[in-house]
file my_file_6.cif (mmCIF, C-alpha atoms and all ligand atoms)
data_data
#
loop_
_atom_site.label_atom_id
_atom_site.label_comp_id
_atom_site.auth_asym_id
_atom_site.auth_seq_id
_atom_site.Cartn_x
_atom_site.Cartn_y
_atom_site.Cartn_z
CA MET A 1 35.60 22.83 7.05
CA THR A 2 36.57 26.00 8.83
CA GLU A 3 35.46 29.57 8.22
CA VAL A 4 38.77 30.67 6.62
CA GLU A 5 38.44 27.96 3.99
CA PHE A 6 35.47 29.89 2.61
CA ILE A 7 37.62 32.93 1.87
CA PRO A 8 38.74 32.50 -1.75
CA SER A 9 42.25 33.08 -3.11
CA PRO A 10 42.47 36.16 -5.35
CA TYR A 11 40.47 35.58 -8.51
CA THR A 12 42.44 35.11 -11.72
CA ASN A 13 39.41 34.98 -13.95
CA ASP A 14 36.80 37.55 -14.86
CA LEU A 15 33.16 37.65 -15.94
CA LYS A 16 31.62 40.57 -17.81
CA SER A 17 27.87 40.03 -17.70
CA GLY A 18 25.26 37.32 -17.63
CA LYS A 19 22.54 35.83 -15.49
CA VAL A 20 21.84 32.84 -13.28
CA THR A 21 18.58 31.44 -11.90
CA TRP A 22 18.07 29.12 -8.94
CA GLN A 23 15.03 27.76 -7.19
CA SER A 24 15.27 26.83 -3.53
CA PRO A 25 12.61 25.39 -1.20
CA SER A 26 11.53 26.16 2.31
CA ASN A 27 12.10 23.59 5.07
CA ILE A 28 10.31 22.54 8.23
CA ALA A 29 12.33 21.90 11.38
CA LEU A 30 11.69 18.71 13.38
CA VAL A 31 14.18 19.71 16.10
CA LYS A 32 14.05 23.49 16.28
CA TYR A 33 16.72 26.14 16.01
CA TRP A 34 15.76 28.77 18.58
CA GLY A 35 18.50 30.94 20.04
CA LYS A 36 21.73 32.04 18.40
CA LYS A 37 25.16 33.48 19.18
CA GLU A 38 27.09 36.09 17.25
CA ASN A 39 27.62 35.59 13.51
CA GLN A 40 24.56 33.41 13.09
CA ILE A 41 25.98 30.54 15.15
CA PRO A 42 23.09 28.42 16.48
CA ALA A 43 22.70 27.93 20.22
CA ASN A 44 21.71 24.31 19.52
CA PRO A 45 21.71 21.91 16.58
CA SER A 46 18.55 21.37 14.51
CA ILE A 47 17.23 19.15 11.72
CA SER A 48 14.56 19.68 9.08
CA PHE A 49 12.67 18.09 6.24
CA THR A 50 13.39 19.96 3.05
CA LEU A 51 10.10 20.86 1.34
CA SER A 52 9.26 20.62 -2.31
CA ASN A 53 6.46 22.94 -3.47
CA CYS A 54 7.01 25.96 -1.22
CA ALA A 55 9.97 27.56 -2.97
CA THR A 56 11.56 30.82 -4.10
CA THR A 57 12.94 31.33 -7.60
CA THR A 58 15.63 33.98 -7.93
CA THR A 59 17.41 35.34 -10.99
CA VAL A 60 20.55 37.40 -10.56
CA SER A 61 21.65 39.38 -13.65
CA TYR A 62 25.15 40.78 -13.30
CA LYS A 63 27.20 43.34 -15.16
CA LYS A 64 30.76 44.27 -14.30
CA LEU A 65 31.09 47.90 -13.22
CA GLU A 66 33.56 50.12 -15.11
CA VAL A 67 34.64 51.63 -11.81
CA PRO A 68 34.17 49.61 -8.60
CA PHE A 69 31.48 51.08 -6.39
CA SER A 70 32.03 51.98 -2.75
CA GLY A 71 28.68 50.51 -1.74
CA PHE A 72 26.70 47.63 -3.21
CA SER A 73 25.09 48.33 -6.56
CA PHE A 74 21.83 46.40 -7.06
CA ASP A 75 18.12 46.54 -7.81
CA PHE A 76 15.62 44.22 -6.19
CA VAL A 77 12.42 43.15 -7.90
CA PHE A 78 9.89 40.98 -6.05
CA GLU A 79 7.11 39.36 -8.10
CA GLY A 80 7.58 41.87 -10.88
CA GLU A 81 7.65 44.98 -8.69
CA SER A 82 10.65 47.00 -7.64
CA LYS A 83 10.92 46.75 -3.83
CA GLU A 84 12.98 49.40 -2.09
CA ASP A 85 11.89 48.30 1.40
CA PHE A 86 13.47 44.84 0.95
CA LYS A 87 16.86 46.33 0.11
CA PRO A 88 18.24 46.93 3.65
CA LYS A 89 17.93 43.20 4.40
CA ILE A 90 19.94 42.42 1.28
CA VAL A 91 22.57 45.05 2.17
CA THR A 92 22.97 43.39 5.59
CA PHE A 93 23.40 40.06 3.82
CA PHE A 94 25.98 41.55 1.41
CA LYS A 95 27.96 43.01 4.32
CA ARG A 96 28.02 39.66 6.08
CA ILE A 97 29.15 37.71 3.00
CA GLU A 98 31.45 40.10 1.12
CA LYS A 99 34.52 38.74 2.91
CA TYR A 100 33.76 35.36 1.34
CA LEU A 101 32.64 36.72 -2.07
CA PRO A 102 35.00 39.62 -2.79
CA PHE A 103 33.53 40.14 -6.27
CA LEU A 104 30.31 41.60 -4.84
CA ARG A 105 31.37 45.27 -5.07
CA GLN A 106 32.59 44.88 -8.65
CA TYR A 107 29.19 44.28 -10.25
CA HIS A 108 25.78 45.78 -10.66
CA PHE A 109 23.14 43.15 -9.89
CA VAL A 110 19.46 42.94 -10.73
CA ILE A 111 17.89 40.45 -8.31
CA GLU A 112 14.43 39.22 -9.35
CA SER A 113 12.63 36.96 -6.94
CA SER A 114 9.25 35.24 -6.70
CA ASN A 115 7.63 32.71 -4.38
CA SER A 116 5.52 29.70 -5.32
CA PHE A 117 3.33 30.25 -2.26
CA PRO A 118 0.95 33.17 -1.79
CA HIS A 119 2.60 36.36 -0.58
CA SER A 120 1.79 37.14 3.06
CA SER A 121 0.68 33.55 3.68
CA GLY A 122 2.60 33.67 6.95
CA ILE A 123 4.98 31.06 5.51
CA ALA A 124 8.53 31.92 6.48
CA SER A 125 10.16 32.80 3.19
CA SER A 126 13.59 33.73 4.53
CA ALA A 127 14.84 30.12 4.25
CA SER A 128 13.88 29.75 0.59
CA SER A 129 14.73 33.32 -0.45
CA MET A 130 18.14 33.53 1.24
CA SER A 131 19.19 30.08 0.03
CA ALA A 132 18.10 30.84 -3.56
CA LEU A 133 20.11 34.08 -3.50
CA ALA A 134 23.17 32.35 -1.99
CA MET A 135 23.00 29.69 -4.73
CA CYS A 136 22.96 32.38 -7.44
CA PHE A 137 26.08 34.04 -5.99
CA MET A 138 27.85 30.70 -5.58
CA ASP A 139 27.01 29.86 -9.17
CA LEU A 140 28.69 33.12 -10.16
CA GLU A 141 31.75 32.33 -8.07
CA ARG A 142 31.92 28.86 -9.61
CA GLN A 143 32.01 30.48 -13.06
CA ILE A 144 34.93 32.64 -11.90
CA VAL A 145 36.66 29.60 -10.30
CA PRO A 146 35.68 26.72 -12.61
CA ASP A 147 37.68 24.01 -10.84
CA MET A 148 35.58 24.37 -7.65
CA ASN A 149 34.39 20.94 -6.48
CA ASN A 150 30.76 20.20 -5.76
CA ASP A 151 31.23 19.49 -2.06
CA TYR A 152 32.85 22.90 -1.53
CA PHE A 153 30.16 24.54 -3.67
CA LEU A 154 27.33 23.13 -1.55
CA LYS A 155 29.00 23.70 1.82
CA LYS A 156 29.90 27.27 0.99
CA ALA A 157 26.39 27.92 -0.39
CA SER A 158 24.95 26.63 2.89
CA PHE A 159 27.49 28.69 4.88
CA LEU A 160 26.44 31.86 3.01
CA SER A 161 22.73 31.02 3.31
CA ARG A 162 23.19 30.75 7.08
CA LEU A 163 24.55 34.28 7.15
CA GLY A 164 21.33 35.41 5.45
CA SER A 165 18.99 33.43 7.68
CA GLY A 166 19.97 30.54 9.93
CA SER A 167 17.32 28.09 8.78
CA ALA A 168 18.19 28.84 5.11
CA CYS A 169 21.35 26.73 5.43
CA ARG A 170 19.09 23.66 5.67
CA SER A 171 17.32 24.24 2.33
CA LEU A 172 19.95 23.36 -0.28
CA GLU A 173 19.76 19.58 -0.12
CA GLY A 174 17.26 17.00 1.03
CA PRO A 175 15.31 15.14 2.19
CA LEU A 176 16.72 15.85 5.69
CA VAL A 177 19.40 18.35 6.65
CA GLU A 178 21.12 18.70 10.01
CA TRP A 179 22.79 21.95 11.11
CA GLY A 180 24.87 22.49 14.23
CA ALA A 181 27.66 20.51 15.91
CA HIS A 182 26.28 17.31 17.51
CA LYS A 183 28.23 14.34 18.86
CA ASP A 184 26.21 11.73 16.95
CA PHE A 185 26.41 13.48 13.57
CA GLN A 186 29.90 12.99 12.27
CA ASP A 187 30.36 15.88 9.86
CA SER A 188 28.00 18.25 11.66
CA SER A 189 29.00 21.90 11.90
CA ASP A 190 27.68 25.16 13.31
CA LEU A 191 28.76 26.79 10.04
CA TYR A 192 26.58 24.96 7.50
CA GLY A 193 23.96 22.27 7.07
CA VAL A 194 24.82 18.69 6.11
CA PRO A 195 22.43 16.15 4.58
CA PHE A 196 21.41 13.30 6.91
CA SER A 197 23.91 10.64 5.91
CA LYS A 198 22.16 7.49 7.13
CA GLU A 199 19.59 5.49 5.19
CA VAL A 200 16.18 6.75 6.34
CA HIS A 201 13.51 4.07 6.92
CA SER A 202 10.97 3.76 4.13
CA VAL A 203 8.06 5.09 6.28
CA PHE A 204 9.78 8.48 6.33
CA GLN A 205 10.43 8.58 2.62
CA ASN A 206 8.28 11.02 0.70
CA TYR A 207 6.77 12.26 3.98
CA GLN A 208 3.89 14.69 3.53
CA ASP A 209 3.47 18.19 5.00
CA THR A 210 0.24 20.13 4.63
CA VAL A 211 0.63 23.72 5.77
CA LEU A 212 -2.60 25.03 7.30
CA LEU A 213 -2.76 28.81 6.92
CA VAL A 214 -4.31 29.83 10.22
CA ASP A 215 -2.99 33.36 10.25
CA LYS A 216 -1.71 34.96 7.10
CA GLY A 217 -0.69 38.25 8.69
CA THR A 218 2.91 39.36 9.09
CA LYS A 219 4.81 37.76 11.94
CA GLN A 220 4.07 39.13 15.41
CA VAL A 221 7.66 38.48 16.48
CA SER A 222 10.47 38.69 13.93
CA SER A 223 12.97 35.85 14.07
CA THR A 224 15.74 38.25 15.15
CA VAL A 225 13.68 39.36 18.15
CA GLY A 226 12.58 35.78 18.80
CA HIS A 227 16.09 34.34 18.93
CA GLY A 228 17.13 37.28 21.13
CA LEU A 229 14.55 36.21 23.72
CA MET A 230 16.70 33.18 24.49
CA HIS A 231 19.44 35.41 25.89
CA GLY A 232 19.01 35.38 29.66
CA HIS A 233 15.96 33.09 29.32
CA PRO A 234 15.51 31.15 32.59
CA PHE A 235 15.17 27.80 30.77
CA ALA A 236 17.65 28.39 27.94
CA GLU A 237 20.39 25.99 29.02
CA GLN A 238 17.99 23.09 29.64
CA ARG A 239 16.34 23.78 26.32
CA PHE A 240 19.64 23.69 24.39
CA GLU A 241 20.54 20.43 26.13
CA GLN A 242 17.13 18.99 25.33
CA ALA A 243 17.60 19.81 21.63
CA HIS A 244 20.85 17.80 21.66
CA GLU A 245 19.05 14.85 23.29
CA ASN A 246 16.09 15.02 20.94
CA LEU A 247 18.35 15.13 17.92
CA GLY A 248 20.26 12.07 19.10
CA LYS A 249 16.99 10.17 19.62
CA LEU A 250 15.53 11.36 16.32
CA LYS A 251 18.53 9.95 14.48
CA SER A 252 17.70 6.37 15.55
CA VAL A 253 13.97 6.97 15.11
CA LEU A 254 14.53 7.93 11.47
CA VAL A 255 16.76 4.95 10.73
CA GLU A 256 14.57 2.41 12.58
CA GLY A 257 11.24 3.73 11.29
CA ASP A 258 9.91 4.34 14.82
CA ILE A 259 6.99 6.50 13.83
CA ASP A 260 5.53 6.78 17.35
CA GLY A 261 8.91 7.97 18.60
CA PHE A 262 8.94 10.47 15.73
CA ILE A 263 5.55 11.88 16.72
CA ASP A 264 6.60 12.28 20.37
CA ILE A 265 9.76 14.20 19.51
CA VAL A 266 8.30 16.38 16.77
CA GLU A 267 5.19 17.51 18.65
CA SER A 268 7.16 18.08 21.85
CA GLU A 269 9.69 20.21 19.94
CA ALA A 270 6.88 22.37 18.50
CA LEU A 271 5.26 22.92 21.89
CA THR A 272 8.63 23.56 23.54
CA LEU A 273 9.41 26.26 20.95
CA HIS A 274 6.14 27.99 21.83
CA SER A 275 6.62 27.50 25.55
CA MET A 276 10.00 29.22 25.26
CA MET A 277 8.15 32.23 23.83
CA MET A 278 5.51 32.13 26.52
CA THR A 279 8.14 32.07 29.27
CA SER A 280 10.52 34.73 27.95
CA MET A 281 10.56 38.40 28.94
CA PRO A 282 8.78 39.98 27.13
CA TYR A 283 6.45 37.00 26.58
CA PHE A 284 4.35 36.10 23.56
CA ILE A 285 1.61 33.70 22.59
CA LEU A 286 2.01 33.06 18.88
CA MET A 287 -0.67 30.40 18.61
CA LYS A 288 -4.22 31.47 17.77
CA PRO A 289 -7.39 29.80 19.07
CA ASN A 290 -7.64 27.95 15.75
CA THR A 291 -4.10 26.59 16.16
CA LEU A 292 -5.29 24.87 19.35
CA GLU A 293 -8.52 23.68 17.73
CA ILE A 294 -6.44 22.02 15.01
CA ILE A 295 -4.04 20.39 17.47
CA ASN A 296 -6.94 18.93 19.43
CA LYS A 297 -8.63 17.65 16.27
CA ILE A 298 -5.38 16.00 15.18
CA TRP A 299 -4.99 14.27 18.53
CA LYS A 300 -8.61 13.02 18.50
CA PHE A 301 -8.33 11.79 14.92
CA ARG A 302 -5.04 10.01 15.65
CA LYS A 303 -6.56 8.19 18.62
CA LYS A 304 -9.74 7.22 16.81
CA SER A 305 -8.25 6.18 13.47
CA HIS A 306 -4.79 4.90 14.57
CA SER A 307 -3.35 7.20 11.95
CA HIS A 308 0.24 8.49 12.23
CA ILE A 309 -0.68 12.10 11.63
CA CYS A 310 1.14 14.68 13.75
CA PHE A 311 1.82 18.40 13.77
CA THR A 312 4.62 20.86 14.09
CA LEU A 313 4.70 24.66 14.29
CA ASP A 314 7.17 27.35 13.42
CA ALA A 315 7.27 30.71 15.18
CA GLY A 316 3.67 31.56 14.28
CA ALA A 317 0.08 30.32 14.26
CA ASN A 318 0.20 28.16 11.12
CA VAL A 319 0.20 24.40 11.58
CA HIS A 320 2.31 21.95 9.57
CA VAL A 321 0.51 18.61 9.41
CA LEU A 322 2.99 15.76 8.91
CA TYR A 323 2.07 12.21 7.81
CA PRO A 324 3.37 9.22 5.85
CA GLU A 325 2.57 9.02 2.15
CA SER A 326 0.63 5.77 2.67
CA GLU A 327 -2.01 7.70 4.68
CA LYS A 328 -2.31 10.55 2.23
CA LYS A 329 -5.81 9.85 0.93
CA VAL A 330 -7.46 9.49 4.33
CA ILE A 331 -5.65 12.54 5.71
CA TYR A 332 -6.49 14.71 2.69
CA ASP A 333 -10.16 13.97 3.43
CA PHE A 334 -9.71 14.67 7.15
CA ILE A 335 -8.03 18.01 6.40
CA ASP A 336 -10.78 18.97 3.97
CA ASP A 337 -13.63 17.90 6.21
CA GLU A 338 -12.36 18.86 9.65
CA LEU A 339 -9.34 21.17 9.58
CA SER A 340 -9.86 23.54 6.66
CA ILE A 341 -12.59 25.40 8.57
CA TYR A 342 -9.90 26.69 10.95
CA CYS A 343 -7.80 28.13 8.10
CA GLN A 344 -8.07 31.70 6.83
CA ASN A 345 -10.32 31.53 3.76
CA GLY A 346 -10.09 27.75 4.07
CA GLN A 347 -6.55 27.90 2.67
CA TYR A 348 -3.85 25.25 3.01
CA ILE A 349 -0.91 24.05 0.92
CA HIS A 350 -0.10 20.39 0.30
CA ASP A 351 3.63 19.83 0.22
CA CYS A 352 6.03 16.91 0.74
CA VAL A 353 9.72 16.38 1.31
CA GLY A 354 12.01 17.41 -1.51
CA PHE A 355 15.63 17.43 -2.52
CA GLY A 356 16.77 21.02 -2.28
CA ALA A 357 17.88 23.80 -4.59
CA ARG A 358 17.94 23.46 -8.38
CA GLN A 359 19.28 25.49 -11.20
CA ARG A 360 16.56 26.83 -13.51
C1 LIG B 1 11.21 28.71 14.53
O1 LIG B 1 16.11 31.03 10.42
O2 LIG B 1 14.14 32.60 10.53
O3 LIG B 1 11.62 28.40 12.21
O4 LIG B 1 18.58 33.17 11.62
O5 LIG B 1 17.24 35.07 12.50
O6 LIG B 1 16.96 34.36 10.12
P1 LIG B 1 17.29 33.95 11.54
O7 LIG B 1 16.13 32.97 12.01
P2 LIG B 1 15.25 31.93 11.24
O8 LIG B 1 14.66 31.10 12.48
C2 LIG B 1 13.85 29.98 12.28
C3 LIG B 1 13.29 29.54 13.55
C4 LIG B 1 12.25 28.43 13.46
C5 LIG B 1 12.86 27.07 13.78
C6 LIG B 1 13.71 26.42 12.72
O9 LIG B 1 13.47 26.62 11.51
O10 LIG B 1 14.61 25.66 13.11
#

call {"tool": "encode", "arguments": {"input": "my_file_6.cif", "output": "structure tokens", "more": "lines below"}}
Ligand code: DP6
result
Amino acid sequence: MTEVEFIPSPYTNDLKSGKVTWQSPSNIALVKYWGKKENQIPANPSISFTLSNCATTTTVSYKKLEVPFSGFSFDFVFEGESKEDFKPKIVTFFKRIEKYLPFLRQYHFVIESSNSFPHSSGIASSASSMSALAMCFMDLERQIVPDMNNDYFLKKASFLSRLGSGSACRSLEGPLVEWGAHKDFQDSSDLYGVPFSKEVHSVFQNYQDTVLLVDKGTKQVSSTVGHGLMHGHPFAEQRFEQAHENLGKLKSVLVEGDIDGFIDIVESEALTLHSMMMTSMPYFILMKPNTLEIINKIWKFRKKSHSHICFTLDAGANVHVLYPESEKKVIYDFIDDELSIYCQNGQYIHDCVGFGARQR
């Protein structure tokens, strides 16, 4: 679908007031999105496992304004408290999406949001929060345009989520979502995420992800700044090419059940993401000493026990430990006995792949 197809025809229907609630999960990229062009277009394609437990629940209450407002009329409440400082981010989102949702200036909204994971856990919440909000607004549009089909609903919701936060467009469906034009993925698009259409081998079904909370502080480098570092980066072009190659390889790995191939690609992607940050100008090291301790422990354990445990990282110090469901018991013990000591207050979150956003 093209961008203009997301601009609706003039509405012929009207809604007075009501409310909608959606829950949407976070996701963890296997091939990373790092670098973007204008209008939230990714510099390279990416793919992620949709998560299950780490999620945001958002309720949007709406009331038609008597007189349309020149700005955007809304209140934002996060975990029961009114949050003025979050509002500019939402205004930016509204400005980016109003062309596609022309009803936005005609309502007053109360947006109430909460996360299932601890606040300031260092877990990126923009994917779950922006996708939950996009789903609420799409739900509203679907009530105004009741003959909207489900494919359009999901694609447009992903398209709008992307305008909030790139990775958010991969959170609406599951268990795997690909985003960004790629020659081996037939319906792939830079505009929205599409679920992985092939049958995934049984070893990758119900894959587990334990998030080790190494550093719960706020991010040292915001994603906007981070993506910006890829402009003029000396290795940018090779990196974007490598992401295309890795995604092509990962496709067969997932279908064939090549778990060793999976480990090689996923760990290399995580370390490449961090090496891009270490070699940009300005440069950053986002890992902490405990991140490295954990990586080394995982490698030792994998060698000794022939387990298929591996790790990935996002743009921070926390470690996502990935493993097949069949190894869950042994790895739970390993995490408890050997990895939890490297987590802040011993904290970690067990999660697994999930199926995307749901109405509540
Ligand atoms: C390292 O989606 O947070 O997690 O589009 O600026 O909101 P914005 O960026 P964001 O970037 C995520 C980067 C990443 C890798 C990934 O999820 O693919």

call {"tool": "residues_around", "arguments": {"input": "my_file_6.cif", "residues": "A:Lys64", "least_positions_apart": "2", "cutoff": "7 Å", "atoms": "all atoms listed in the file", "output": "number ranges by chain"}}
result
A: 16-17, 62, 66, 106-108

call {"tool": "write_last_selection", "arguments": {"input": "my_file_6.cif", "atoms": "C-alpha atoms", "output": "PDB file, in the frame of the given file"}}
result
ATOM      1  CA  LYS A  16      31.620  40.570 -17.810  1.00  0.00           C
ATOM      2  CA  SER A  17      27.870  40.030 -17.700  1.00  0.00           C
ATOM      3  CA  TYR A  62      25.150  40.780 -13.300  1.00  0.00           C
ATOM      4  CA  GLU A  66      33.560  50.120 -15.110  1.00  0.00           C
ATOM      5  CA  GLN A 106      32.590  44.880  -8.650  1.00  0.00           C
ATOM      6  CA  TYR A 107      29.190  44.280 -10.250  1.00  0.00           C
ATOM      7  CA  HIS A 108      25.780  45.780 -10.660  1.00  0.00           C
TER       8      HIS A 108
END

call {"tool": "residues_near_ligand", "arguments": {"input": "my_file_6.cif", "ligand": "ligand LIG 1 (chain B)", "cutoff": "7 Å", "atoms": "only C-alpha atoms and all ligand atoms", "output": "PyMOL selection string"}}
result
chain A and resi 28-29+31-34+40+46+124+126-127+162+164-168+223-224+227+314-315

call {"tool": "closest_residue", "arguments": {"input": "my_file_6.cif", "among": "A:Pro8, A:Pro146, A:Gly226, A:Gly248", "to": "A:Lys183", "atoms": "all atoms listed in the file"}}
result
A:Gly248

call {"tool": "residues_around", "arguments": {"input": "my_file_6.cif", "residues": "A:Pro118", "least_positions_apart": "3", "cutoff": "12 Å", "atoms": "only C-alpha atoms", "output": "ChimeraX atom specification"}}
result
/A:53-56,79,114-115,121-125,213,216-217,347-349

call {"tool": "write_last_selection", "arguments": {"input": "my_file_6.cif", "atoms": "C-alpha atoms", "output": "mmCIF file, in the frame of the given file"}}
result
data_model
loop_
_atom_site.group_PDB
_atom_site.id
_atom_site.type_symbol
_atom_site.label_atom_id
_atom_site.label_comp_id
_atom_site.auth_asym_id
_atom_site.auth_seq_id
_atom_site.Cartn_x
_atom_site.Cartn_y
_atom_site.Cartn_z
ATOM 1 C CA ASN A 53 6.460 22.940 -3.470
ATOM 2 C CA CYS A 54 7.010 25.960 -1.220
ATOM 3 C CA ALA A 55 9.970 27.560 -2.970
ATOM 4 C CA THR A 56 11.560 30.820 -4.100
ATOM 5 C CA GLU A 79 7.110 39.360 -8.100
ATOM 6 C CA SER A 114 9.250 35.240 -6.700
ATOM 7 C CA ASN A 115 7.630 32.710 -4.380
ATOM 8 C CA SER A 121 0.680 33.550 3.680
ATOM 9 C CA GLY A 122 2.600 33.670 6.950
ATOM 10 C CA ILE A 123 4.980 31.060 5.510
ATOM 11 C CA ALA A 124 8.530 31.920 6.480
ATOM 12 C CA SER A 125 10.160 32.800 3.190
ATOM 13 C CA LEU A 213 -2.760 28.810 6.920
ATOM 14 C CA LYS A 216 -1.710 34.960 7.100
ATOM 15 C CA GLY A 217 -0.690 38.250 8.690
ATOM 16 C CA GLN A 347 -6.550 27.900 2.670
ATOM 17 C CA TYR A 348 -3.850 25.250 3.010
ATOM 18 C CA ILE A 349 -0.910 24.050 0.920
#

call {"tool": "atom_distance", "arguments": {"input": "my_file_6.cif", "atom1": "atom CA of A:Glu112", "atom2": "atom CA of A:Glu98"}}
result
20.0 Å

call {"tool": "closest_atom_pairs", "arguments": {"input": "my_file_6.cif", "of": "stretch 114-226 of chain A", "to": "stretch 351-355 of chain A", "cutoff": "8 Å", "atoms": "only C-alpha atoms", "output": "tab-separated table"}}
result
residue	atom	partner	partner_atom	distance
A:Leu172	CA	A:Phe355	CA	7.7
A:Glu173	CA	A:Phe355	CA	5.2
A:Gly174	CA	A:Phe355	CA	3.9
A:Pro175	CA	A:Phe355	CA	5.2
A:Gln205	CA	A:Val353	CA	7.9
A:Asn206	CA	A:Val353	CA	5.6
A:Tyr207	CA	A:Cys352	CA	5.7
A:Gln208	CA	A:Cys352	CA	4.2
A:Asp209	CA	A:Asp351	CA	5.1
A:Thr210	CA	A:Asp351	CA	5.6
A:Val211	CA	A:Asp351	CA	7.4

call {"tool": "atom_distance", "arguments": {"input": "my_file_6.cif", "atom1": "atom CA of A:Pro88", "atom2": "atom CA of A:Ser73"}}
result
12.4 Å

call {"tool": "residues_around", "arguments": {"input": "my_file_6.cif", "residues": "stretch 230-237 of chain A", "least_positions_apart": "2", "cutoff": "12 Å", "atoms": "all atoms listed in the file", "output": "ChimeraX atom specification"}}
result
/A:33-38,42-44,223-228,239-244,272-273,275-283

call {"tool": "write_last_selection", "arguments": {"input": "my_file_6.cif", "atoms": "C-alpha atoms", "output": "short mmCIF file (atom, residue, chain, number, x, y, z; two decimals), in the frame of the given file"}}
result
data_model
loop_
_atom_site.label_atom_id
_atom_site.label_comp_id
_atom_site.auth_asym_id
_atom_site.auth_seq_id
_atom_site.Cartn_x
_atom_site.Cartn_y
_atom_site.Cartn_z
CA TYR A 33 16.72 26.14 16.01
CA TRP A 34 15.76 28.77 18.58
CA GLY A 35 18.50 30.94 20.04
CA LYS A 36 21.73 32.04 18.40
CA LYS A 37 25.16 33.48 19.18
CA GLU A 38 27.09 36.09 17.25
CA PRO A 42 23.09 28.42 16.48
CA ALA A 43 22.70 27.93 20.22
CA ASN A 44 21.71 24.31 19.52
CA SER A 223 12.97 35.85 14.07
CA THR A 224 15.74 38.25 15.15
CA VAL A 225 13.68 39.36 18.15
CA GLY A 226 12.58 35.78 18.80
CA HIS A 227 16.09 34.34 18.93
CA GLY A 228 17.13 37.28 21.13
CA ARG A 239 16.34 23.78 26.32
CA PHE A 240 19.64 23.69 24.39
CA GLU A 241 20.54 20.43 26.13
CA GLN A 242 17.13 18.99 25.33
CA ALA A 243 17.60 19.81 21.63
CA HIS A 244 20.85 17.80 21.66
CA THR A 272 8.63 23.56 23.54
CA LEU A 273 9.41 26.26 20.95
CA SER A 275 6.62 27.50 25.55
CA MET A 276 10.00 29.22 25.26
CA MET A 277 8.15 32.23 23.83
CA MET A 278 5.51 32.13 26.52
CA THR A 279 8.14 32.07 29.27
CA SER A 280 10.52 34.73 27.95
CA MET A 281 10.56 38.40 28.94
CA PRO A 282 8.78 39.98 27.13
CA TYR A 283 6.45 37.00 26.58
#

call {"tool": "axis_aligned_box", "arguments": {"input": "my_file_6.cif", "around": "stretch 211-215 of chain A", "padding_each_side": "6 Å", "output": "lines of an AutoDock Vina configuration file"}}
result
center_x = -1.8
center_y = 28.5
center_z = 8.0
size_x = 16.9
size_y = 21.6
size_z = 16.5

call {"tool": "decode", "arguments": {"input": "my_file_6.cif", "residues": "stretch 49-78 of chain A", "atoms": "C-alpha atoms", "output": "mmCIF file, in the first residue's frame"}}
result
data_model
loop_
_atom_site.group_PDB
_atom_site.id
_atom_site.type_symbol
_atom_site.label_atom_id
_atom_site.label_comp_id
_atom_site.auth_asym_id
_atom_site.auth_seq_id
_atom_site.Cartn_x
_atom_site.Cartn_y
_atom_site.Cartn_z
ATOM 1 C CA PHE A 49 9.975 -11.097 18.064
ATOM 2 C CA THR A 50 6.823 -9.589 19.473
ATOM 3 C CA LEU A 51 6.840 -9.916 23.274
ATOM 4 C CA SER A 52 3.999 -10.922 25.513
ATOM 5 C CA ASN A 53 4.287 -9.691 29.113
ATOM 6 C CA CYS A 54 6.029 -6.342 28.620
ATOM 7 C CA ALA A 55 3.096 -4.240 27.429
ATOM 8 C CA THR A 56 1.364 -0.873 27.633
ATOM 9 C CA THR A 57 -2.378 -0.518 28.186
ATOM 10 C CA THR A 58 -3.927 2.707 26.927
ATOM 11 C CA THR A 59 -7.464 4.043 27.220
ATOM 12 C CA VAL A 60 -8.543 6.946 25.061
ATOM 13 C CA SER A 61 -11.781 8.678 26.134
ATOM 14 C CA TYR A 62 -13.106 11.043 23.491
ATOM 15 C CA LYS A 63 -15.710 13.780 23.414
ATOM 16 C CA LYS A 64 -16.604 15.792 20.345
ATOM 17 C CA LEU A 65 -15.803 19.486 20.754
ATOM 18 C CA GLU A 66 -18.624 22.003 20.225
ATOM 19 C CA VAL A 67 -16.206 24.234 18.345
ATOM 20 C CA PRO A 68 -13.154 22.657 16.668
ATOM 21 C CA PHE A 69 -9.940 23.617 18.418
ATOM 22 C CA SER A 70 -6.972 25.172 16.630
ATOM 23 C CA GLY A 71 -4.516 22.982 18.523
ATOM 24 C CA PHE A 72 -4.903 19.475 19.913
ATOM 25 C CA SER A 73 -7.108 19.179 22.969
ATOM 26 C CA PHE A 74 -6.039 16.358 25.307
ATOM 27 C CA ASP A 75 -4.961 15.335 28.795
ATOM 28 C CA PHE A 76 -2.366 12.671 29.428
ATOM 29 C CA VAL A 77 -2.393 10.495 32.527
ATOM 30 C CA PHE A 78 0.422 7.991 33.141
#
